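Dropping structure-v5.pdb in here (PDB, C-alpha atoms):
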```pdb
ATOM      1  CA  MET G   1     108.195  84.278 183.215
ATOM      2  CA  ASP G   2     104.718  83.206 182.058
ATOM      3  CA  LYS G   3     103.688  86.855 181.725
ATOM      4  CA  LEU G   4     106.805  87.590 179.674
ATOM      5  CA  HIS G   5     106.153  84.608 177.406
ATOM      6  CA  SER G   6     102.524  85.686 176.946
ATOM      7  CA  LEU G   7     103.624  89.236 176.110
ATOM      8  CA  TYR G   8     106.156  87.977 173.587
ATOM      9  CA  THR G   9     103.600  85.671 171.958
ATOM     10  CA  PHE G  10     101.019  88.455 171.763
ATOM     11  CA  ILE G  11     103.477  90.877 170.140
ATOM     12  CA  ASP G  12     104.663  88.191 167.717
ATOM     13  CA  LEU G  13     101.093  87.366 166.684
ATOM     14  CA  ALA G  14     100.308  91.071 166.329
ATOM     15  CA  GLY G  15     103.290  91.413 163.984
ATOM     16  CA  THR G  16     102.104  88.341 162.096
ATOM     17  CA  PHE G  17      98.665  89.891 161.623
ATOM     18  CA  ALA G  18     100.091  93.239 160.486
ATOM     19  CA  PHE G  19     102.451  91.669 157.964
ATOM     20  CA  ALA G  20      99.734  89.275 156.775
ATOM     21  CA  ILE G  21      97.445  92.239 156.049
ATOM     22  CA  SER G  22     100.221  93.984 154.092
ATOM     23  CA  GLY G  23     100.895  90.841 152.079
ATOM     24  CA  ALA G  24      97.214  90.223 151.379
ATOM     25  CA  VAL G  25      96.602  93.818 150.283
ATOM     26  CA  ALA G  26      99.612  93.779 147.972
ATOM     27  CA  ALA G  27      98.583  90.400 146.509
ATOM     28  CA  LYS G  28      95.012  91.597 145.974
ATOM     29  CA  GLU G  29      96.243  94.734 144.216
ATOM     30  CA  LYS G  30      98.256  92.484 141.886
ATOM     31  CA  GLY G  31      95.106  90.547 141.003
ATOM     32  CA  LEU G  32      96.009  87.181 142.569
ATOM     33  CA  ASP G  33      93.287  84.635 143.262
ATOM     34  CA  VAL G  34      92.140  83.549 146.728
ATOM     35  CA  PHE G  35      94.815  80.858 147.074
ATOM     36  CA  GLY G  36      97.536  83.236 145.942
ATOM     37  CA  ILE G  37      96.450  85.899 148.432
ATOM     38  CA  VAL G  38      96.476  83.417 151.323
ATOM     39  CA  VAL G  39      99.892  82.042 150.323
ATOM     40  CA  VAL G  40     101.453  85.498 150.034
ATOM     41  CA  SER G  41      99.786  86.571 153.289
ATOM     42  CA  PHE G  42     101.215  83.600 155.215
ATOM     43  CA  THR G  43     104.655  83.821 153.615
ATOM     44  CA  VAL G  44     104.989  87.524 154.349
ATOM     45  CA  ALA G  45     103.772  87.033 157.909
ATOM     46  CA  CYS G  46     105.960  84.063 158.819
ATOM     47  CA  GLY G  47     108.868  84.035 156.339
ATOM     48  CA  GLY G  48     111.226  86.175 158.404
ATOM     49  CA  GLY G  49     110.385  84.382 161.648
ATOM     50  CA  ILE G  50     110.949  80.974 160.060
ATOM     51  CA  MET G  51     114.389  82.079 158.835
ATOM     52  CA  ARG G  52     115.246  83.360 162.317
ATOM     53  CA  ASP G  53     114.148  80.139 164.022
ATOM     54  CA  VAL G  54     116.204  78.023 161.622
ATOM     55  CA  PHE G  55     119.292  80.143 162.294
ATOM     56  CA  ILE G  56     118.991  79.947 166.097
ATOM     57  CA  GLY G  57     118.048  76.251 166.132
ATOM     58  CA  ALA G  58     114.429  76.698 167.243
ATOM     59  CA  ILE G  59     113.252  73.689 165.227
ATOM     60  CA  PRO G  60     110.542  73.284 164.056
ATOM     61  CA  PRO G  61     109.993  77.015 163.492
ATOM     62  CA  ALA G  62     107.077  78.554 165.373
ATOM     63  CA  GLY G  63     105.501  79.723 162.110
ATOM     64  CA  LEU G  64     105.139  76.071 161.047
ATOM     65  CA  SER G  65     104.563  74.293 164.347
ATOM     66  CA  ASP G  66     102.122  76.719 166.011
ATOM     67  CA  TRP G  67      98.686  76.675 164.357
ATOM     68  CA  ARG G  68      97.935  80.201 165.584
ATOM     69  CA  TYR G  69     100.280  81.783 163.041
ATOM     70  CA  LEU G  70      98.495  80.115 160.140
ATOM     71  CA  ILE G  71      95.063  81.014 161.517
ATOM     72  CA  VAL G  72      96.073  84.657 162.048
ATOM     73  CA  SER G  73      97.387  84.827 158.473
ATOM     74  CA  VAL G  74      94.202  83.300 157.036
ATOM     75  CA  ILE G  75      92.024  85.661 159.088
ATOM     76  CA  ALA G  76      94.058  88.645 157.880
ATOM     77  CA  ALA G  77      93.680  87.503 154.275
ATOM     78  CA  GLY G  78      89.949  87.000 154.795
ATOM     79  CA  ILE G  79      89.541  90.483 156.258
ATOM     80  CA  THR G  80      91.423  91.983 153.333
ATOM     81  CA  MET G  81      89.298  90.169 150.759
ATOM     82  CA  SER G  82      85.897  90.652 152.429
ATOM     83  CA  LEU G  83      86.245  94.020 154.174
ATOM     84  CA  ASP G  84      88.036  95.956 151.492
ATOM     85  CA  SER G  85      86.357  99.238 152.458
ATOM     86  CA  TRP G  86      87.558  98.814 156.064
ATOM     87  CA  VAL G  87      91.137  98.206 155.011
ATOM     88  CA  LYS G  88      91.079 101.235 152.709
ATOM     89  CA  VAL G  89      90.234 103.513 155.647
ATOM     90  CA  PHE G  90      93.987 103.682 156.095
ATOM     91  CA  ASN G  91      96.031 105.767 153.693
ATOM     92  CA  ARG G  92      98.199 103.441 151.608
ATOM     93  CA  PRO G  93      97.423 100.381 153.812
ATOM     94  CA  VAL G  94     100.303  98.255 152.551
ATOM     95  CA  LEU G  95     102.834 100.772 153.848
ATOM     96  CA  LEU G  96     101.057 101.231 157.174
ATOM     97  CA  PHE G  97     100.677  97.541 157.995
ATOM     98  CA  ASP G  98     104.146  96.851 156.639
ATOM     99  CA  ALA G  99     105.566  99.466 159.034
ATOM    100  CA  LEU G 100     103.666  97.874 161.928
ATOM    101  CA  GLY G 101     104.916  94.388 161.079
ATOM    102  CA  LEU G 102     108.450  95.657 160.536
ATOM    103  CA  SER G 103     108.535  97.302 163.956
ATOM    104  CA  LEU G 104     106.936  94.445 165.876
ATOM    105  CA  PHE G 105     109.166  91.806 164.295
ATOM    106  CA  ALA G 106     112.344  93.833 164.783
ATOM    107  CA  VAL G 107     111.876  93.769 168.555
ATOM    108  CA  THR G 108     110.569  90.198 168.852
ATOM    109  CA  GLY G 109     113.260  88.870 166.501
ATOM    110  CA  ALA G 110     116.058  90.369 168.567
ATOM    111  CA  GLU G 111     114.401  89.264 171.810
ATOM    112  CA  LYS G 112     114.007  85.631 170.711
ATOM    113  CA  ALA G 113     117.596  85.511 169.461
ATOM    114  CA  LEU G 114     118.799  86.696 172.872
ATOM    115  CA  ALA G 115     116.554  84.143 174.591
ATOM    116  CA  PHE G 116     118.355  81.420 172.603
ATOM    117  CA  SER G 117     121.743  82.669 173.865
ATOM    118  CA  SER G 118     122.787  84.489 170.693
ATOM    119  CA  ASN G 119     125.365  87.214 171.179
ATOM    120  CA  ASN G 120     124.412  90.862 170.795
ATOM    121  CA  GLU G 121     125.609  91.224 167.199
ATOM    122  CA  VAL G 122     123.733  88.109 166.044
ATOM    123  CA  ALA G 123     120.604  89.244 167.908
ATOM    124  CA  VAL G 124     120.613  92.541 166.021
ATOM    125  CA  LEU G 125     121.106  90.788 162.678
ATOM    126  CA  LEU G 126     118.325  88.291 163.378
ATOM    127  CA  GLY G 127     116.042  91.118 164.471
ATOM    128  CA  ILE G 128     116.589  92.681 161.044
ATOM    129  CA  ILE G 129     116.098  89.360 159.227
ATOM    130  CA  THR G 130     112.868  88.691 161.134
ATOM    131  CA  ALA G 131     111.600  92.152 160.260
ATOM    132  CA  VAL G 132     112.540  92.350 156.577
ATOM    133  CA  GLY G 133     112.465  88.687 155.493
ATOM    134  CA  GLY G 134     108.708  88.537 154.924
ATOM    135  CA  GLY G 135     108.727  91.787 152.964
ATOM    136  CA  VAL G 136     111.464  90.467 150.697
ATOM    137  CA  PHE G 137     109.432  87.314 149.998
ATOM    138  CA  ARG G 138     106.369  89.451 149.242
ATOM    139  CA  ASP G 139     108.209  91.652 146.770
ATOM    140  CA  VAL G 140     109.861  88.691 145.034
ATOM    141  CA  PHE G 141     106.543  86.845 144.718
ATOM    142  CA  LEU G 142     104.891  89.956 143.275
ATOM    143  CA  ASN G 143     107.759  90.691 140.900
ATOM    144  CA  ARG G 144     108.861  93.913 142.576
ATOM    145  CA  ILE G 145     112.258  95.197 143.634
ATOM    146  CA  PRO G 146     112.535  94.411 147.386
ATOM    147  CA  VAL G 147     112.258  97.555 149.471
ATOM    148  CA  ILE G 148     115.488  96.807 151.350
ATOM    149  CA  PHE G 149     117.442  97.067 148.092
ATOM    150  CA  GLU G 150     116.162 100.551 147.425
ATOM    151  CA  LYS G 151     117.128 103.816 149.108
ATOM    152  CA  GLU G 152     114.214 103.967 151.557
ATOM    153  CA  ILE G 153     114.620 103.914 155.330
ATOM    154  CA  TYR G 154     113.484 100.321 155.895
ATOM    155  CA  ALA G 155     116.082  97.811 157.056
ATOM    156  CA  SER G 156     117.884 100.630 158.874
ATOM    157  CA  ALA G 157     114.690 101.330 160.847
ATOM    158  CA  ALA G 158     114.549  97.652 161.840
ATOM    159  CA  LEU G 159     118.223  97.886 162.783
ATOM    160  CA  MET G 160     117.520 100.714 165.220
ATOM    161  CA  GLY G 161     114.576  98.885 166.783
ATOM    162  CA  ALA G 162     116.664  95.743 167.293
ATOM    163  CA  VAL G 163     119.560  97.781 168.709
ATOM    164  CA  VAL G 164     117.232  99.319 171.312
ATOM    165  CA  VAL G 165     116.235  95.833 172.509
ATOM    166  CA  VAL G 166     119.807  94.524 172.620
ATOM    167  CA  LEU G 167     121.206  97.594 174.392
ATOM    168  CA  GLY G 168     118.307  97.531 176.825
ATOM    169  CA  HIS G 169     119.095  93.922 177.740
ATOM    170  CA  PHE G 170     122.767  94.801 178.124
ATOM    171  CA  TRP G 171     121.870  97.619 180.520
ATOM    172  CA  GLY G 172     119.294  95.522 182.413
ATOM    173  CA  ILE G 173     116.195  97.491 181.380
ATOM    174  CA  PRO G 174     112.922  95.535 181.848
ATOM    175  CA  ASN G 175     111.194  94.165 178.739
ATOM    176  CA  GLN G 176     107.985  96.074 179.413
ATOM    177  CA  TRP G 177     109.973  99.204 178.560
ATOM    178  CA  LEU G 178     112.120  97.754 175.812
ATOM    179  CA  PHE G 179     109.315  96.475 173.601
ATOM    180  CA  PRO G 180     107.344  99.727 173.278
ATOM    181  CA  VAL G 181     110.465 101.889 172.947
ATOM    182  CA  GLY G 182     112.044  99.629 170.325
ATOM    183  CA  PHE G 183     108.746  99.448 168.468
ATOM    184  CA  LEU G 184     108.263 103.223 168.468
ATOM    185  CA  VAL G 185     111.822 103.910 167.331
ATOM    186  CA  CYS G 186     111.453 101.600 164.336
ATOM    187  CA  PHE G 187     107.874 102.602 163.520
ATOM    188  CA  LEU G 188     108.488 106.347 163.686
ATOM    189  CA  LEU G 189     111.685 106.112 161.665
ATOM    190  CA  ARG G 190     109.851 104.205 158.953
ATOM    191  CA  LEU G 191     106.877 106.576 158.843
ATOM    192  CA  LEU G 192     108.993 109.737 159.016
ATOM    193  CA  GLY G 193     111.219 108.365 156.278
ATOM    194  CA  LEU G 194     108.154 107.871 154.089
ATOM    195  CA  LYS G 195     106.655 111.263 154.921
ATOM    196  CA  TYR G 196     109.815 113.300 154.399
ATOM    197  CA  HIS G 197     111.359 111.056 151.727
ATOM    198  CA  TRP G 198     114.464 110.267 153.757
ATOM    199  CA  GLU G 199     116.846 108.115 151.767
ATOM    200  CA  LEU G 200     120.156 106.423 152.252
ATOM    201  CA  PRO G 201     122.922 107.545 149.899
ATOM    202  CA  SER G 202     123.208 105.571 146.690
ATOM    203  CA  PHE G 203     126.066 105.274 144.246
ATOM    204  CA  SER G 204     124.851 104.952 140.696
ATOM    205  CA  LYS G 205     127.145 104.886 137.731
ATOM    206  CA  GLU G 206     127.170 107.925 135.555
ATOM    207  CA  LYS G 207     125.574 107.419 132.200
ATOM    208  CA  GLU G 208     128.138 106.780 129.558
ATOM    209  CA  LYS G 209     128.470 109.570 127.079
ATOM    210  CA  PRO G 210     127.514 108.528 123.559
ATOM    211  CA  LYS G 211     130.428 108.024 121.263
ATOM    212  CA  VAL G 212     130.759 110.542 118.467
ATOM    213  CA  ASP G 213     132.174 109.336 115.167
ATOM    214  CA  VAL G 214     134.905 111.590 113.804
TER     215      VAL G 214
END
```
Mind turning the file's structure into structure tokens?
Amino acid sequence: MDKLHSLYTFIDLAGTFAFAISGAVAAKEKGLDVFGIVVVSFTVACGGGIMRDVFIGAIPPAGLSDWRYLIVSVIAAGITMSLDSWVKVFNRPVLLFDALGLSLFAVTGAEKALAFSSNNEVAVLLGIITAVGGGVFRDVFLNRIPVIFEKEIYASAALMGAVVVVLGHFWGIPNQWLFPVGFLVCFLLRLLGLKYHWELPSFSKEKEKPKVDV
């Protein structure tokens, strides 16, 4: 049990770091000051997890009660601000770190919901909320349309990662298999969707034809 808890904590902190990097990079690109970058970094990293913990009754939320989440977010923001050349080694770093955070939080969100006796449907939903909540906060803070409201494969990738975890628990598959498989399913779906421009169908209204005076 201690090993499982340590694994869960490590994965959760890894997701926090990845999302914090994505938030800090996006905030820096928008020209925010040091305080703004740290705030966006922390909010992106912990926003979804805080929402999940409130919903399942894990009060106070881990993102607020555990100092490690704040420290990881501050370190990520510091790395982004001081080692800009290192961060830019990655192609489009916001998307890469966002995909990492999305995938890690999809599996840990579903897992924690199940640990608090949520049913399978709620666990999947909370896995999605954990994964996409921070990204929504980031986009709102930076005055952008949240990614989950666009046609990209984003929330649906988190859905598949959470479903892998929930189905694996239902079938009795050990967590050491569920975490990497769920992560890879979500991560690959997100990256492939970006590479090949996969989109969900959208239904936009046809432009009204201009009226012609007779």
Counting only C-alpha atoms, find residues at most 8 Å from (113.4, 102.1, 155.6) (file frame) and give them as a PDB file with C-alpha atoms, in the frame of the given file.
```pdb
ATOM      1  CA  VAL G 147     112.258  97.555 149.471  1.00  0.00           C
ATOM      2  CA  ILE G 148     115.488  96.807 151.350  1.00  0.00           C
ATOM      3  CA  LYS G 151     117.128 103.816 149.108  1.00  0.00           C
ATOM      4  CA  GLU G 152     114.214 103.967 151.557  1.00  0.00           C
ATOM      5  CA  ILE G 153     114.620 103.914 155.330  1.00  0.00           C
ATOM      6  CA  TYR G 154     113.484 100.321 155.895  1.00  0.00           C
ATOM      7  CA  ALA G 155     116.082  97.811 157.056  1.00  0.00           C
ATOM      8  CA  SER G 156     117.884 100.630 158.874  1.00  0.00           C
ATOM      9  CA  ALA G 157     114.690 101.330 160.847  1.00  0.00           C
ATOM     10  CA  ALA G 158     114.549  97.652 161.840  1.00  0.00           C
ATOM     11  CA  LEU G 189     111.685 106.112 161.665  1.00  0.00           C
ATOM     12  CA  ARG G 190     109.851 104.205 158.953  1.00  0.00           C
ATOM     13  CA  GLY G 193     111.219 108.365 156.278  1.00  0.00           C
ATOM     14  CA  LEU G 194     108.154 107.871 154.089  1.00  0.00           C
ATOM     15  CA  GLU G 199     116.846 108.115 151.767  1.00  0.00           C
TER      16      GLU G 199
END
```
Quiz item: How far is it from CA of Phe17 (chain G) to CA of Val74 (chain G), in Å with one decimal?
Solution: 9.2 Å
Running the PyMOL selection byres ((chain G and resi 100-114) around 7) on this model by hand, what would come out? Give it as a PDB file with C-alpha atoms, keeping the file's coordinate frame.
```
ATOM      1  CA  TYR G   8     106.156  87.977 173.587  1.00  0.00           C
ATOM      2  CA  ILE G  11     103.477  90.877 170.140  1.00  0.00           C
ATOM      3  CA  ASP G  12     104.663  88.191 167.717  1.00  0.00           C
ATOM      4  CA  GLY G  15     103.290  91.413 163.984  1.00  0.00           C
ATOM      5  CA  THR G  16     102.104  88.341 162.096  1.00  0.00           C
ATOM      6  CA  ALA G  18     100.091  93.239 160.486  1.00  0.00           C
ATOM      7  CA  PHE G  19     102.451  91.669 157.964  1.00  0.00           C
ATOM      8  CA  ILE G  56     118.991  79.947 166.097  1.00  0.00           C
ATOM      9  CA  LEU G  96     101.057 101.231 157.174  1.00  0.00           C
ATOM     10  CA  PHE G  97     100.677  97.541 157.995  1.00  0.00           C
ATOM     11  CA  ASP G  98     104.146  96.851 156.639  1.00  0.00           C
ATOM     12  CA  ALA G  99     105.566  99.466 159.034  1.00  0.00           C
ATOM     13  CA  ALA G 115     116.554  84.143 174.591  1.00  0.00           C
ATOM     14  CA  PHE G 116     118.355  81.420 172.603  1.00  0.00           C
ATOM     15  CA  SER G 117     121.743  82.669 173.865  1.00  0.00           C
ATOM     16  CA  SER G 118     122.787  84.489 170.693  1.00  0.00           C
ATOM     17  CA  ASN G 119     125.365  87.214 171.179  1.00  0.00           C
ATOM     18  CA  ALA G 123     120.604  89.244 167.908  1.00  0.00           C
ATOM     19  CA  VAL G 124     120.613  92.541 166.021  1.00  0.00           C
ATOM     20  CA  LEU G 126     118.325  88.291 163.378  1.00  0.00           C
ATOM     21  CA  GLY G 127     116.042  91.118 164.471  1.00  0.00           C
ATOM     22  CA  ILE G 128     116.589  92.681 161.044  1.00  0.00           C
ATOM     23  CA  THR G 130     112.868  88.691 161.134  1.00  0.00           C
ATOM     24  CA  ALA G 131     111.600  92.152 160.260  1.00  0.00           C
ATOM     25  CA  VAL G 132     112.540  92.350 156.577  1.00  0.00           C
ATOM     26  CA  ALA G 158     114.549  97.652 161.840  1.00  0.00           C
ATOM     27  CA  GLY G 161     114.576  98.885 166.783  1.00  0.00           C
ATOM     28  CA  ALA G 162     116.664  95.743 167.293  1.00  0.00           C
ATOM     29  CA  VAL G 165     116.235  95.833 172.509  1.00  0.00           C
ATOM     30  CA  VAL G 166     119.807  94.524 172.620  1.00  0.00           C
ATOM     31  CA  PHE G 179     109.315  96.475 173.601  1.00  0.00           C
ATOM     32  CA  GLY G 182     112.044  99.629 170.325  1.00  0.00           C
ATOM     33  CA  PHE G 183     108.746  99.448 168.468  1.00  0.00           C
ATOM     34  CA  CYS G 186     111.453 101.600 164.336  1.00  0.00           C
ATOM     35  CA  PHE G 187     107.874 102.602 163.520  1.00  0.00           C
TER      36      PHE G 187
END
```
Quiz prompt | d(CA of Phe55 (chain G), CA of Phe10 (chain G)) in Å | solution = 22.2 Å
Quiz item: From the list G:Ile21, G:Val164, G:Leu95, G:Val54, which residue is nearest Gly78 (chain G) when using only C-alpha atoms?
Solution: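 The shortest atom-to-atom distance to Gly78 (chain G) comes from G:Ile21.
Put simply, CA of Val40 (chain G) is 10.3 Å away from CA of Val140 (chain G).
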Taking (106.8, 79.2, 159.2) in the file's own coordinates, collect the residues within 9 Å, counting all atoms listed in the file, and hand them back as a CSV table (one decimal) with C-alpha atoms, keeping the file's coordinate frame.
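result.csv written:
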```csv
chain,number,residue,atom,x,y,z
G,42,PHE,CA,101.2,83.6,155.2
G,43,THR,CA,104.7,83.8,153.6
G,45,ALA,CA,103.8,87.0,157.9
G,46,CYS,CA,106.0,84.1,158.8
G,47,GLY,CA,108.9,84.0,156.3
G,48,GLY,CA,111.2,86.2,158.4
G,49,GLY,CA,110.4,84.4,161.6
G,50,ILE,CA,110.9,81.0,160.1
G,51,MET,CA,114.4,82.1,158.8
G,53,ASP,CA,114.1,80.1,164.0
G,60,PRO,CA,110.5,73.3,164.1
G,61,PRO,CA,110.0,77.0,163.5
G,62,ALA,CA,107.1,78.6,165.4
G,63,GLY,CA,105.5,79.7,162.1
G,64,LEU,CA,105.1,76.1,161.0
G,65,SER,CA,104.6,74.3,164.3
G,66,ASP,CA,102.1,76.7,166.0
G,69,TYR,CA,100.3,81.8,163.0
G,70,LEU,CA,98.5,80.1,160.1
```
Quiz item: Neighbours of Asp33 (chain G) within 12 Å (all atoms listed in the file; same-chain residues fewer than 6 positions away dropped), as a list in words?
Solution: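 Counting only the stated atoms, we get Ala24, Ala27, Val39, Val40, Ala77 and Met81 of chain G.
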